[in-house]
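Student: The file below is upload21.pdb, PDB, C-alpha atoms:
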ATOM      1  CA  MET A 857     -94.899  26.119 -31.974
ATOM      2  CA  THR A 858     -92.040  26.257 -29.502
ATOM      3  CA  LEU A 859     -89.731  23.283 -29.252
ATOM      4  CA  ARG A 860     -88.262  22.215 -25.973
ATOM      5  CA  THR A 861     -84.518  21.951 -26.460
ATOM      6  CA  GLN A 862     -81.600  20.803 -24.393
ATOM      7  CA  MET A 863     -78.028  21.935 -24.929
ATOM      8  CA  SER A 864     -74.994  19.971 -23.832
ATOM      9  CA  ARG A 865     -71.497  19.139 -24.986
ATOM     10  CA  SER A 866     -71.472  16.707 -27.858
ATOM     11  CA  SER A 867     -69.959  13.271 -28.096
ATOM     12  CA  ARG A 868     -67.450  12.566 -30.880
ATOM     13  CA  ASP A 869     -70.170  10.839 -32.886
ATOM     14  CA  GLU A 870     -72.502  13.814 -32.482
ATOM     15  CA  ALA A 871     -69.712  16.208 -33.511
ATOM     16  CA  ARG A 872     -69.069  14.053 -36.600
ATOM     17  CA  LEU A 873     -72.806  14.199 -37.408
ATOM     18  CA  ILE A 874     -72.791  18.013 -37.211
ATOM     19  CA  ARG A 875     -69.673  18.213 -39.418
ATOM     20  CA  ASN A 876     -71.198  15.837 -41.979
ATOM     21  CA  LYS A 877     -74.474  17.780 -42.056
ATOM     22  CA  LEU A 878     -72.598  20.998 -42.848
ATOM     23  CA  ILE A 879     -70.515  19.229 -45.503
ATOM     24  CA  GLU A 880     -73.763  17.906 -47.028
ATOM     25  CA  PHE A 881     -75.249  21.421 -47.058
ATOM     26  CA  ASN A 882     -72.084  22.977 -48.521
ATOM     27  CA  ALA A 883     -71.867  20.379 -51.279
ATOM     28  CA  LYS A 884     -75.134  21.701 -52.715
ATOM     29  CA  HIS A 885     -73.478  25.073 -53.325
ATOM     30  CA  VAL A 886     -69.997  24.057 -54.536
ATOM     31  CA  PRO A 887     -69.157  23.406 -58.207
ATOM     32  CA  ALA A 888     -69.586  19.718 -59.046
ATOM     33  CA  ASP A 889     -65.987  19.189 -60.177
ATOM     34  CA  ILE A 890     -64.600  20.011 -56.710
ATOM     35  CA  ARG A 891     -67.581  19.012 -54.558
ATOM     36  CA  THR A 892     -65.983  15.853 -53.143
ATOM     37  CA  GLN A 893     -62.430  17.154 -53.022
ATOM     38  CA  TYR A 894     -61.510  16.850 -49.350
ATOM     39  CA  GLU A 895     -58.571  15.012 -47.787
ATOM     40  CA  GLU A 896     -56.084  15.337 -44.981
ATOM     41  CA  ILE A 897     -52.504  15.747 -46.157
ATOM     42  CA  ASN A 898     -49.998  15.298 -43.357
ATOM     43  CA  LEU A 899     -46.216  15.318 -43.795
ATOM     44  CA  ILE A 900     -43.545  14.142 -41.359
ATOM     45  CA  LEU A 901     -39.792  14.752 -41.143
ATOM     46  CA  LYS A 902     -37.515  12.335 -39.285
ATOM     47  CA  ASN A 903     -33.817  12.497 -38.560
ATOM     48  CA  GLU A 904     -31.348   9.694 -39.329
ATOM     49  CA  ASP A 905     -32.331   7.979 -36.058
ATOM     50  CA  GLY A 906     -35.991   7.897 -37.024
ATOM     51  CA  GLN A 907     -37.007  10.567 -34.509
ATOM     52  CA  VAL A 908     -39.702  13.017 -35.559
ATOM     53  CA  ILE A 909     -38.147  16.458 -35.989
ATOM     54  CA  GLY A 910     -40.953  18.228 -37.812
ATOM     55  CA  GLY A 911     -44.201  17.958 -39.648
ATOM     56  CA  LEU A 912     -47.063  19.666 -41.376
ATOM     57  CA  LEU A 913     -50.760  18.921 -40.911
ATOM     58  CA  SER A 914     -53.166  20.189 -43.541
ATOM     59  CA  VAL A 915     -56.478  19.663 -45.278
ATOM     60  CA  LEU A 916     -57.237  19.913 -48.969
ATOM     61  CA  CYS A 917     -60.703  21.399 -49.237
ATOM     62  CA  TRP A 918     -62.258  22.031 -52.656
ATOM     63  CA  ASN A 919     -59.720  24.261 -54.446
ATOM     64  CA  TRP A 920     -57.294  25.094 -51.647
ATOM     65  CA  VAL A 921     -55.106  23.607 -48.960
ATOM     66  CA  GLU A 922     -55.352  24.858 -45.406
ATOM     67  CA  VAL A 923     -52.208  24.327 -43.341
ATOM     68  CA  ASP A 924     -53.275  23.760 -39.749
ATOM     69  CA  ILE A 925     -49.861  23.093 -38.188
ATOM     70  CA  LEU A 926     -46.272  23.421 -39.326
ATOM     71  CA  TRP A 927     -43.780  22.505 -36.622
ATOM     72  CA  VAL A 928     -40.012  21.939 -36.553
ATOM     73  CA  ASP A 929     -38.154  20.885 -33.411
ATOM     74  CA  GLN A 930     -36.261  23.834 -31.923
ATOM     75  CA  ARG A 931     -32.905  22.047 -32.417
ATOM     76  CA  TYR A 932     -33.520  21.800 -36.176
ATOM     77  CA  ARG A 933     -34.858  25.280 -36.884
ATOM     78  CA  GLY A 934     -32.984  27.519 -39.286
ATOM     79  CA  MET A 935     -31.786  24.512 -41.325
ATOM     80  CA  GLY A 936     -34.371  24.728 -44.096
ATOM     81  CA  TYR A 937     -36.695  21.975 -42.868
ATOM     82  CA  GLY A 938     -39.688  24.281 -42.498
ATOM     83  CA  SER A 939     -39.093  25.526 -46.035
ATOM     84  CA  GLN A 940     -38.962  21.926 -47.267
ATOM     85  CA  LEU A 941     -42.287  21.119 -45.625
ATOM     86  CA  LEU A 942     -43.903  24.260 -47.011
ATOM     87  CA  GLY A 943     -42.474  23.615 -50.478
ATOM     88  CA  GLU A 944     -43.761  20.043 -50.462
ATOM     89  CA  ILE A 945     -47.320  21.012 -49.514
ATOM     90  CA  GLU A 946     -47.274  23.749 -52.155
ATOM     91  CA  GLN A 947     -46.230  21.194 -54.778
ATOM     92  CA  ILE A 948     -48.914  18.739 -53.658
ATOM     93  CA  ALA A 949     -51.550  21.495 -53.740
ATOM     94  CA  ASN A 950     -50.421  22.534 -57.211
ATOM     95  CA  ASP A 951     -50.479  18.923 -58.455
ATOM     96  CA  LYS A 952     -54.048  18.539 -57.170
ATOM     97  CA  GLY A 953     -55.202  21.666 -58.994
ATOM     98  CA  CYS A 954     -55.573  23.918 -55.966
ATOM     99  CA  THR A 955     -55.477  27.664 -56.536
ATOM    100  CA  PHE A 956     -54.210  28.799 -53.140
ATOM    101  CA  ILE A 957     -52.951  27.844 -49.692
ATOM    102  CA  GLN A 958     -54.126  29.449 -46.489
ATOM    103  CA  LEU A 959     -52.654  29.281 -43.006
ATOM    104  CA  ASN A 960     -52.438  31.216 -39.768
ATOM    105  CA  THR A 961     -49.751  32.013 -37.240
ATOM    106  CA  PHE A 962     -49.096  34.199 -34.206
ATOM    107  CA  THR A 963     -46.662  37.045 -33.613
ATOM    108  CA  PHE A 964     -44.452  34.737 -31.514
ATOM    109  CA  GLN A 965     -44.425  31.976 -34.134
ATOM    110  CA  ALA A 966     -43.396  32.589 -37.738
ATOM    111  CA  PRO A 967     -45.020  35.509 -39.597
ATOM    112  CA  GLN A 968     -41.710  36.541 -41.211
ATOM    113  CA  PHE A 969     -41.067  32.955 -42.334
ATOM    114  CA  TYR A 970     -44.345  32.814 -44.246
ATOM    115  CA  GLU A 971     -43.880  36.285 -45.733
ATOM    116  CA  LYS A 972     -40.410  35.233 -46.932
ATOM    117  CA  HIS A 973     -42.129  32.393 -48.789
ATOM    118  CA  GLY A 974     -44.598  34.668 -50.559
ATOM    119  CA  TYR A 975     -47.591  34.460 -48.236
ATOM    120  CA  GLU A 976     -49.637  37.643 -47.905
ATOM    121  CA  VAL A 977     -51.560  38.790 -44.845
ATOM    122  CA  VAL A 978     -55.303  38.693 -45.466
ATOM    123  CA  GLY A 979     -56.370  39.325 -41.884
ATOM    124  CA  VAL A 980     -55.087  40.150 -38.424
ATOM    125  CA  ILE A 981     -56.764  39.838 -35.051
ATOM    126  CA  ASP A 982     -55.185  41.960 -32.338
ATOM    127  CA  ASP A 983     -54.810  40.745 -28.776
ATOM    128  CA  ALA A 984     -55.211  37.062 -29.703
ATOM    129  CA  PRO A 985     -53.753  35.773 -27.499
ATOM    130  CA  ARG A 986     -53.553  38.809 -25.223
ATOM    131  CA  GLY A 987     -50.531  40.943 -26.087
ATOM    132  CA  PHE A 988     -49.985  39.334 -29.508
ATOM    133  CA  LYS A 989     -51.467  39.249 -32.993
ATOM    134  CA  HIS A 990     -53.036  36.360 -34.877
ATOM    135  CA  TYR A 991     -52.185  36.529 -38.601
ATOM    136  CA  TYR A 992     -54.059  34.883 -41.480
ATOM    137  CA  TYR A 993     -52.118  34.292 -44.691
ATOM    138  CA  LYS A 994     -52.856  33.302 -48.275
ATOM    139  CA  LYS A 995     -50.630  32.381 -51.197
ATOM    140  CA  ASN A 996     -51.920  31.907 -54.734
ATOM    141  CA  ILE A 997     -50.261  28.896 -56.312
ATOM    142  CA  ASN A 998     -51.960  28.054 -59.581
TER
END
Turn the structure described in the file into structure tokens.
Tutor:
Amino acid sequence: MTLRTQMSRSSRDEARLIRNKLIEFNAKHVPADIRTQYEEINLILKNEDGQVIGGLLSVLCWNWVEVDILWVDQRYRGMGYGSQLLGEIEQIANDKGCTFIQLNTFTFQAPQFYEKHGYEVVGVIDDAPRGFKHYYYKKNIN
């Protein structure tokens, strides 16, 4: 039997449905004690005037935290704020029983910064974007 199908771009609700269906499938294969462990953990840094000068966006998933974005305003770089954000998420991950943190960065962003903080390269994609490398890092924390 051949089904007639139609492919198109999804709506937000349809995308949420797809995500939830995969989460439902995955939950059947994940140890029960971490099965429902999923939350966004987002941190913000503001200066004395209340202006946002940096932040970190991440997700706790099962037994790890995945840092999606770590950003510090150019005017505040080199002052330890990125290290503070990274240290805070590491502490939160440790407190929640996570065993590692993973993140990614590009050649033109901060590979040396993460290596200085004990992150190890677990993968590299060349020419992504063209002329640069895309690094994937992991740090065991517990």
Student: For the atom pair CA of Tyr975 (chain A) and CA of Lys995 (chain A), what is the interatomic distance in Å to one decimal place?
Tutor: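 Value for the CA of Tyr975 (chain A)-CA of Lys995 (chain A) distance: 4.7 Å.
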Student: Separation of CA of Glu944 (chain A) and CA of Asn898 (chain A), in Å?
Tutor: 10.6 Å
Student: Which polymer residues have any atom within 10 Å of an atom of Glu896 (chain A), counting all atoms listed in the file, with same-chain residues fewer than 6 positions away left out, as number ranges by chain?
Tutor: A: 913-917, 921-923
Student: For a test of reading the model, state the distance in Å between CA of Gly974 (chain A) and CA of Lys952 (chain A), rounded to one decimal.
Tutor: 19.8 Å
Student: Env of region 954-963 of chain A: 6 Å cut, atoms = all atoms listed in the file, seq-sep filter 5 positions within chain, self excluded. Answer as JSON, numbers by chain.
Tutor: {"A": [919, 920, 921, 922, 923, 949, 988, 989, 990, 991, 992, 993, 994, 995, 996, 997, 998]}
Student: Please write out, as lines of an AutoDock Vina configuration file, where the centre of an axis-aligned box around all listed atoms of region 945-956 of chain A lies and how long its edges are, in Å to one decimal, after adding 4 Å on each side.
Tutor:
center_x = -50.9
center_y = 23.7
center_z = -54.3
size_x = 17.3
size_y = 18.3
size_z = 17.5
Student: Pick from A:Gly911, A:Ile900, A:Trp918, A:Ile981: nearest to Ile879 (chain A), with only C-alpha atoms counted?
Tutor: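 Selected residue with least distance to Ile879 (chain A): A:Trp918.
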Student: So which residues are close to (-36.8, 22.9, -41.0), meaning at most 12 Å away in the file's coordinates with all atoms listed in the file counted, and can you show them as a list in words?
Tutor: Ile900, Leu901, Lys902, Asn903, Val908, Ile909, Gly910, Gly911, Leu912, Leu926, Trp927, Val928, Asp929, Gln930, Arg931, Tyr932, Arg933, Gly934, Met935, Gly936, Tyr937, Gly938, Ser939, Gln940, Leu941, Leu942, Gly943 and Phe969 of chain A
Student: Save out the residues we just selected, C-alpha atoms, as a PDB file, keeping the file's coordinate frame.
Tutor:
ATOM      1  CA  ILE A 900     -43.545  14.142 -41.359  1.00  0.00           C
ATOM      2  CA  LEU A 901     -39.792  14.752 -41.143  1.00  0.00           C
ATOM      3  CA  LYS A 902     -37.515  12.335 -39.285  1.00  0.00           C
ATOM      4  CA  ASN A 903     -33.817  12.497 -38.560  1.00  0.00           C
ATOM      5  CA  VAL A 908     -39.702  13.017 -35.559  1.00  0.00           C
ATOM      6  CA  ILE A 909     -38.147  16.458 -35.989  1.00  0.00           C
ATOM      7  CA  GLY A 910     -40.953  18.228 -37.812  1.00  0.00           C
ATOM      8  CA  GLY A 911     -44.201  17.958 -39.648  1.00  0.00           C
ATOM      9  CA  LEU A 912     -47.063  19.666 -41.376  1.00  0.00           C
ATOM     10  CA  LEU A 926     -46.272  23.421 -39.326  1.00  0.00           C
ATOM     11  CA  TRP A 927     -43.780  22.505 -36.622  1.00  0.00           C
ATOM     12  CA  VAL A 928     -40.012  21.939 -36.553  1.00  0.00           C
ATOM     13  CA  ASP A 929     -38.154  20.885 -33.411  1.00  0.00           C
ATOM     14  CA  GLN A 930     -36.261  23.834 -31.923  1.00  0.00           C
ATOM     15  CA  ARG A 931     -32.905  22.047 -32.417  1.00  0.00           C
ATOM     16  CA  TYR A 932     -33.520  21.800 -36.176  1.00  0.00           C
ATOM     17  CA  ARG A 933     -34.858  25.280 -36.884  1.00  0.00           C
ATOM     18  CA  GLY A 934     -32.984  27.519 -39.286  1.00  0.00           C
ATOM     19  CA  MET A 935     -31.786  24.512 -41.325  1.00  0.00           C
ATOM     20  CA  GLY A 936     -34.371  24.728 -44.096  1.00  0.00           C
ATOM     21  CA  TYR A 937     -36.695  21.975 -42.868  1.00  0.00           C
ATOM     22  CA  GLY A 938     -39.688  24.281 -42.498  1.00  0.00           C
ATOM     23  CA  SER A 939     -39.093  25.526 -46.035  1.00  0.00           C
ATOM     24  CA  GLN A 940     -38.962  21.926 -47.267  1.00  0.00           C
ATOM     25  CA  LEU A 941     -42.287  21.119 -45.625  1.00  0.00           C
ATOM     26  CA  LEU A 942     -43.903  24.260 -47.011  1.00  0.00           C
ATOM     27  CA  GLY A 943     -42.474  23.615 -50.478  1.00  0.00           C
ATOM     28  CA  PHE A 969     -41.067  32.955 -42.334  1.00  0.00           C
TER      29      PHE A 969
END
Student: Using only C-alpha atoms, which of A:Leu859, A:Ile948, A:Ile897, A:Ile874 sits nearest Asp924 (chain A)?
Tutor: A:Ile897
